[in-house]
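For reference, the structure discussed in these notes is given below.
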Amino acid sequence: MIELLRSRRSIRKFTSEKIDLDKQKLLQEAALRAPSSKNGNPWEFIFVDDPSLIQQLSQSKPHGAAFLSNAPLAIVVLADENKGDVWIEDCSIASILLQLTAQSLGLGSCWVQIRNRPHDQKQTAEQFIQQLLKLPENLRILSIIAVGHPAQIRPGKPINELECNKIHHNRFGPGEP
């Protein structure tokens, strides 16, 4: 697992190669195995491989989603907000598990934040996607995970670039190791 973390980077450029069905099934299994508070499993996942629909998803917000248009797979991570008060945390866990599973399969991925992002002056990115995908009102969208075969190589961060000052021992602030 640590090697996956060491090598994982956000990938925004993908080849045109489709994700084979076996890998999609493994990504689906990983999503469904994500832990959730009280085993409530409020999350839902929409696996989008229709290029025209992915193109529309790439227009969900003015910044940070355009690269989706080149992804062969977009996974919309959403939840029934009535099934728990920590749906955001549960969807966040599922989102990162999708990214780590993609990495383990030799695929690249990148998180697209949807929740609390604008689409335009009249609606949010979430509302735009809710209409596009015909979602019921109780389903809230956290993120979209773009997945594909990497068209760029981004090495993991070297250990000396990690912000070690963010680690504290026993109490906040500098202290003894």
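Starting from 1 in every chain, residues are counted up; chains themselves are A, B, ... following the order of the structure tokens, and ligands are numbered from 1 as listed.
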
What lies within 6 Å of range 103-111 of chain A using only C-alpha atoms, ignoring chain neighbours under 2 positions off, as a list in words?
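Here the qualifying residues turn out to be Ser10, Ile11, Gln99, Leu100, Thr101, Ile145, Ala146, Val147, Gly148, His149 and Pro150 of chain A.
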
Could those selected residues go to a file with C-alpha atoms, as a compact mmCIF listing (two decimals), in the first residue's frame?
```txt
# COMPACT_ATOMS: atom_id res chain seq x y z
CA SER A 10 -3.19 13.22 -10.07
CA ILE A 11 -3.32 12.48 -13.79
CA GLN A 99 -8.15 6.43 -7.01
CA LEU A 100 -5.88 3.96 -5.22
CA THR A 101 -7.53 1.02 -6.97
CA ILE A 145 -13.17 10.64 -10.41
CA ALA A 146 -11.63 10.78 -13.88
CA VAL A 147 -9.96 7.47 -14.79
CA GLY A 148 -7.91 6.42 -17.78
CA HIS A 149 -4.63 5.15 -19.11
CA PRO A 150 -2.08 7.88 -18.31
```

Write out as a PyMOL selection string the residues lying within 7 Å of Leu27 in chain A, counting only C-alpha atoms and excluding same-chain residues fewer than 3 positions away.
chain A and resi 23-24+30-31+98+101-102

If we count only C-alpha atoms and set the cut-off at 12 Å, which residues sit around range 33-44 of chain A, ignoring sequence neighbours fewer than 6 positions away in its own chain? Please answer as a PyMOL selection string.
chain A and resi 26-27+75-101+135+138-144

As an exercise, work out the distance from CA of Asp50 in chain A to CA of Ser7 in chain A in Å and give it to one decimal place.
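Computing it gives 29.0 Å between the two atoms.
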
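For the atom pair formed by CA of Leu68 in chain A and CA of Gln55 in chain A, the distance is 7.0 Å, given to one decimal.
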
Quick one: pick out all helix (DSSP H, G or I) residues within range 23-98 of chain A from a backbone DSSP run and write them as a PyMOL selection string.
chain A and resi 23-32+37-39+51-57+66-70+81-83+87-98

Only N, CA and C atoms, please: the residues just picked out, written as a tab-separated table (two decimals), in the first residue's frame.
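Result file follows (part.tsv):
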```
chain	number	residue	atom	x	y	z
A	23	LYS	N	-11.36	-4.32	-15.55
A	23	LYS	CA	-10.86	-3.26	-14.68
A	23	LYS	C	-12.02	-2.42	-14.15
A	24	GLN	N	-13.02	-2.18	-14.97
A	24	GLN	CA	-14.18	-1.44	-14.49
A	24	GLN	C	-14.88	-2.21	-13.36
A	25	LYS	N	-14.96	-3.52	-13.51
A	25	LYS	CA	-15.60	-4.35	-12.47
A	25	LYS	C	-14.81	-4.27	-11.17
A	26	LEU	N	-13.47	-4.26	-11.26
A	26	LEU	CA	-12.64	-4.14	-10.06
A	26	LEU	C	-12.83	-2.77	-9.41
A	27	LEU	N	-12.94	-1.72	-10.21
A	27	LEU	CA	-13.21	-0.39	-9.66
A	27	LEU	C	-14.58	-0.36	-8.98
A	28	GLN	N	-15.56	-1.01	-9.58
A	28	GLN	CA	-16.89	-1.07	-8.96
A	28	GLN	C	-16.84	-1.81	-7.63
A	29	GLU	N	-16.11	-2.92	-7.60
A	29	GLU	CA	-15.98	-3.67	-6.36
A	29	GLU	C	-15.31	-2.83	-5.28
A	30	ALA	N	-14.24	-2.13	-5.65
A	30	ALA	CA	-13.54	-1.28	-4.69
A	30	ALA	C	-14.48	-0.22	-4.12
A	31	ALA	N	-15.28	0.40	-4.98
A	31	ALA	CA	-16.21	1.42	-4.51
A	31	ALA	C	-17.20	0.83	-3.50
A	32	LEU	N	-17.71	-0.35	-3.82
A	32	LEU	CA	-18.71	-0.98	-2.94
A	32	LEU	C	-18.11	-1.53	-1.65
A	37	SER	N	-19.69	5.11	7.73
A	37	SER	CA	-20.12	5.24	9.12
A	37	SER	C	-21.31	4.33	9.39
A	38	LYS	N	-21.20	3.56	10.44
A	38	LYS	CA	-22.26	2.66	10.88
A	38	LYS	C	-22.69	1.70	9.77
A	39	ASN	N	-21.80	1.45	8.82
A	39	ASN	CA	-22.07	0.58	7.68
A	39	ASN	C	-23.35	1.00	6.94
A	51	PRO	N	-18.78	9.04	-24.25
A	51	PRO	CA	-17.96	10.24	-24.48
A	51	PRO	C	-18.76	11.54	-24.51
A	52	SER	N	-19.95	11.53	-25.06
A	52	SER	CA	-20.72	12.78	-25.12
A	52	SER	C	-21.18	13.20	-23.72
A	53	LEU	N	-21.52	12.24	-22.89
A	53	LEU	CA	-21.93	12.55	-21.52
A	53	LEU	C	-20.72	13.02	-20.70
A	54	ILE	N	-19.57	12.40	-20.91
A	54	ILE	CA	-18.35	12.84	-20.22
A	54	ILE	C	-18.01	14.27	-20.65
A	55	GLN	N	-18.19	14.57	-21.92
A	55	GLN	CA	-17.95	15.93	-22.41
A	55	GLN	C	-18.84	16.93	-21.68
A	56	GLN	N	-20.08	16.58	-21.45
A	56	GLN	CA	-21.00	17.47	-20.72
A	56	GLN	C	-20.58	17.59	-19.26
A	57	LEU	N	-20.14	16.48	-18.66
A	57	LEU	CA	-19.66	16.54	-17.27
A	57	LEU	C	-18.45	17.46	-17.15
A	66	ALA	N	-12.39	20.63	-17.04
A	66	ALA	CA	-12.27	20.51	-18.49
A	66	ALA	C	-11.50	19.27	-18.93
A	67	PHE	N	-10.50	18.86	-18.16
A	67	PHE	CA	-9.70	17.68	-18.52
A	67	PHE	C	-10.53	16.40	-18.57
A	68	LEU	N	-11.68	16.40	-17.93
A	68	LEU	CA	-12.58	15.24	-17.97
A	68	LEU	C	-12.92	14.85	-19.41
A	69	SER	N	-12.95	15.82	-20.29
A	69	SER	CA	-13.38	15.55	-21.66
A	69	SER	C	-12.50	14.51	-22.36
A	70	ASN	N	-11.28	14.32	-21.87
A	70	ASN	CA	-10.37	13.33	-22.46
A	70	ASN	C	-10.31	12.02	-21.69
A	81	GLU	N	-28.32	11.84	1.03
A	81	GLU	CA	-28.04	12.61	2.24
A	81	GLU	C	-28.96	12.25	3.40
A	82	ASN	N	-30.05	11.54	3.13
A	82	ASN	CA	-30.97	11.12	4.18
A	82	ASN	C	-30.51	9.85	4.89
A	83	LYS	N	-29.46	9.22	4.37
A	83	LYS	CA	-28.99	7.96	4.97
A	83	LYS	C	-27.86	8.17	5.97
A	87	TRP	N	-22.31	11.67	5.06
A	87	TRP	CA	-22.22	11.21	3.68
A	87	TRP	C	-21.01	11.80	2.96
A	88	ILE	N	-20.61	13.01	3.33
A	88	ILE	CA	-19.45	13.64	2.70
A	88	ILE	C	-18.19	12.84	3.01
A	89	GLU	N	-18.03	12.47	4.27
A	89	GLU	CA	-16.87	11.67	4.66
A	89	GLU	C	-16.90	10.30	4.00
A	90	ASP	N	-18.08	9.68	3.99
A	90	ASP	CA	-18.20	8.35	3.38
A	90	ASP	C	-17.86	8.40	1.89
A	91	CYS	N	-18.33	9.42	1.20
A	91	CYS	CA	-18.02	9.56	-0.23
A	91	CYS	C	-16.56	9.90	-0.46
A	92	SER	N	-15.96	10.65	0.45
A	92	SER	CA	-14.54	10.97	0.34
A	92	SER	C	-13.69	9.71	0.44
A	93	ILE	N	-14.04	8.84	1.37
A	93	ILE	CA	-13.32	7.57	1.51
A	93	ILE	C	-13.46	6.74	0.24
A	94	ALA	N	-14.67	6.65	-0.28
A	94	ALA	CA	-14.89	5.88	-1.50
A	94	ALA	C	-14.12	6.48	-2.68
A	95	SER	N	-14.07	7.80	-2.75
A	95	SER	CA	-13.36	8.47	-3.85
A	95	SER	C	-11.88	8.13	-3.84
A	96	ILE	N	-11.25	8.19	-2.67
A	96	ILE	CA	-9.81	7.90	-2.63
A	96	ILE	C	-9.55	6.41	-2.85
A	97	LEU	N	-10.46	5.55	-2.40
A	97	LEU	CA	-10.28	4.12	-2.68
A	97	LEU	C	-10.38	3.86	-4.18
A	98	LEU	N	-11.24	4.56	-4.87
A	98	LEU	CA	-11.31	4.44	-6.33
A	98	LEU	C	-9.99	4.86	-6.96
```

Could you list, with a cut-off of 9 Å and counting only C-alpha atoms, the residues of range 2-67 of chain A near range 152-163 of chain A, each shown with its nearest atom pair and the distance in Å rounded to one decimal, rows sorted by chain and ascending number, as a tab-separated table?
```
residue	atom	partner	partner_atom	distance
A:Leu5	CA	A:Gly156	CA	8.1
A:Arg6	CA	A:Gly156	CA	5.5
A:Ser7	CA	A:Gly156	CA	4.3
A:Arg8	CA	A:Gly156	CA	5.9
A:Arg9	CA	A:Gly156	CA	6.0
A:Ser10	CA	A:Arg154	CA	8.1
A:Ile11	CA	A:Gln152	CA	7.2
A:Arg12	CA	A:Gln152	CA	8.2
A:Lys13	CA	A:Gln152	CA	6.1
A:Phe14	CA	A:Gln152	CA	7.3
A:Thr15	CA	A:Gln152	CA	8.8
```

Going by DSSP on the backbone, which bits of chain A are strand (DSSP E or B)? Write them as a PDB file with C-alpha atoms, in the first residue's frame, please.
```
ATOM      1  CA  SER A  10      -3.190  13.217 -10.070  1.00  0.00           C
ATOM      2  CA  PHE A  14      -5.236  10.243 -20.711  1.00  0.00           C
ATOM      3  CA  TRP A  43     -23.012   6.281  -1.485  1.00  0.00           C
ATOM      4  CA  GLU A  44     -24.006   5.577  -5.052  1.00  0.00           C
ATOM      5  CA  PHE A  45     -21.715   5.527  -8.097  1.00  0.00           C
ATOM      6  CA  ILE A  46     -22.444   6.355 -11.710  1.00  0.00           C
ATOM      7  CA  PHE A  47     -19.833   4.914 -14.083  1.00  0.00           C
ATOM      8  CA  VAL A  48     -19.940   7.077 -17.199  1.00  0.00           C
ATOM      9  CA  LEU A  73     -14.235   6.892 -17.678  1.00  0.00           C
ATOM     10  CA  ALA A  74     -15.806   9.319 -15.213  1.00  0.00           C
ATOM     11  CA  ILE A  75     -17.123   8.001 -11.925  1.00  0.00           C
ATOM     12  CA  VAL A  76     -19.672  10.266 -10.270  1.00  0.00           C
ATOM     13  CA  VAL A  77     -19.589   9.750  -6.504  1.00  0.00           C
ATOM     14  CA  LEU A  78     -22.825  10.690  -4.792  1.00  0.00           C
ATOM     15  CA  ALA A  79     -24.901   9.783  -1.766  1.00  0.00           C
ATOM     16  CA  ASP A  80     -28.358   9.824  -0.301  1.00  0.00           C
ATOM     17  CA  GLY A 108      -4.335   7.233 -13.744  1.00  0.00           C
ATOM     18  CA  SER A 109      -7.008   9.255 -11.990  1.00  0.00           C
ATOM     19  CA  CYS A 110      -7.884  12.693 -10.734  1.00  0.00           C
ATOM     20  CA  TRP A 111     -10.504  13.946  -8.300  1.00  0.00           C
ATOM     21  CA  VAL A 112     -12.885  16.634  -9.567  1.00  0.00           C
ATOM     22  CA  GLN A 113     -14.510  18.474  -6.668  1.00  0.00           C
ATOM     23  CA  PRO A 118     -20.378  26.888  -9.019  1.00  0.00           C
ATOM     24  CA  THR A 124     -24.058  25.047  -8.779  1.00  0.00           C
ATOM     25  CA  LEU A 139     -28.864  12.443  -3.990  1.00  0.00           C
ATOM     26  CA  ARG A 140     -25.939  14.785  -3.415  1.00  0.00           C
ATOM     27  CA  ILE A 141     -22.753  14.792  -5.479  1.00  0.00           C
ATOM     28  CA  LEU A 142     -19.340  15.026  -3.856  1.00  0.00           C
ATOM     29  CA  SER A 143     -16.912  14.354  -6.684  1.00  0.00           C
ATOM     30  CA  ILE A 144     -16.181  12.911 -10.074  1.00  0.00           C
ATOM     31  CA  ILE A 145     -13.173  10.637 -10.410  1.00  0.00           C
ATOM     32  CA  ALA A 146     -11.630  10.777 -13.877  1.00  0.00           C
ATOM     33  CA  VAL A 147      -9.962   7.471 -14.788  1.00  0.00           C
ATOM     34  CA  GLY A 148      -7.911   6.425 -17.779  1.00  0.00           C
ATOM     35  CA  PRO A 150      -2.084   7.877 -18.309  1.00  0.00           C
ATOM     36  CA  HIS A 169       3.647  14.311  18.559  1.00  0.00           C
ATOM     37  CA  ARG A 171       0.321  17.850  21.185  1.00  0.00           C
TER      38      ARG A 171
END
```

Restricting the calculation to only C-alpha atoms, which member of A:Leu21, A:Ala65, A:Ile114, A:Leu4 is positioned closest to Gln130 in chain A?
A:Ile114

Just the number, please: distance in Å from CA of Lys122 in chain A to CA of Glu137 in chain A, one decimal.
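Pair CA of Lys122 in chain A / CA of Glu137 in chain A returns 17.6 Å.
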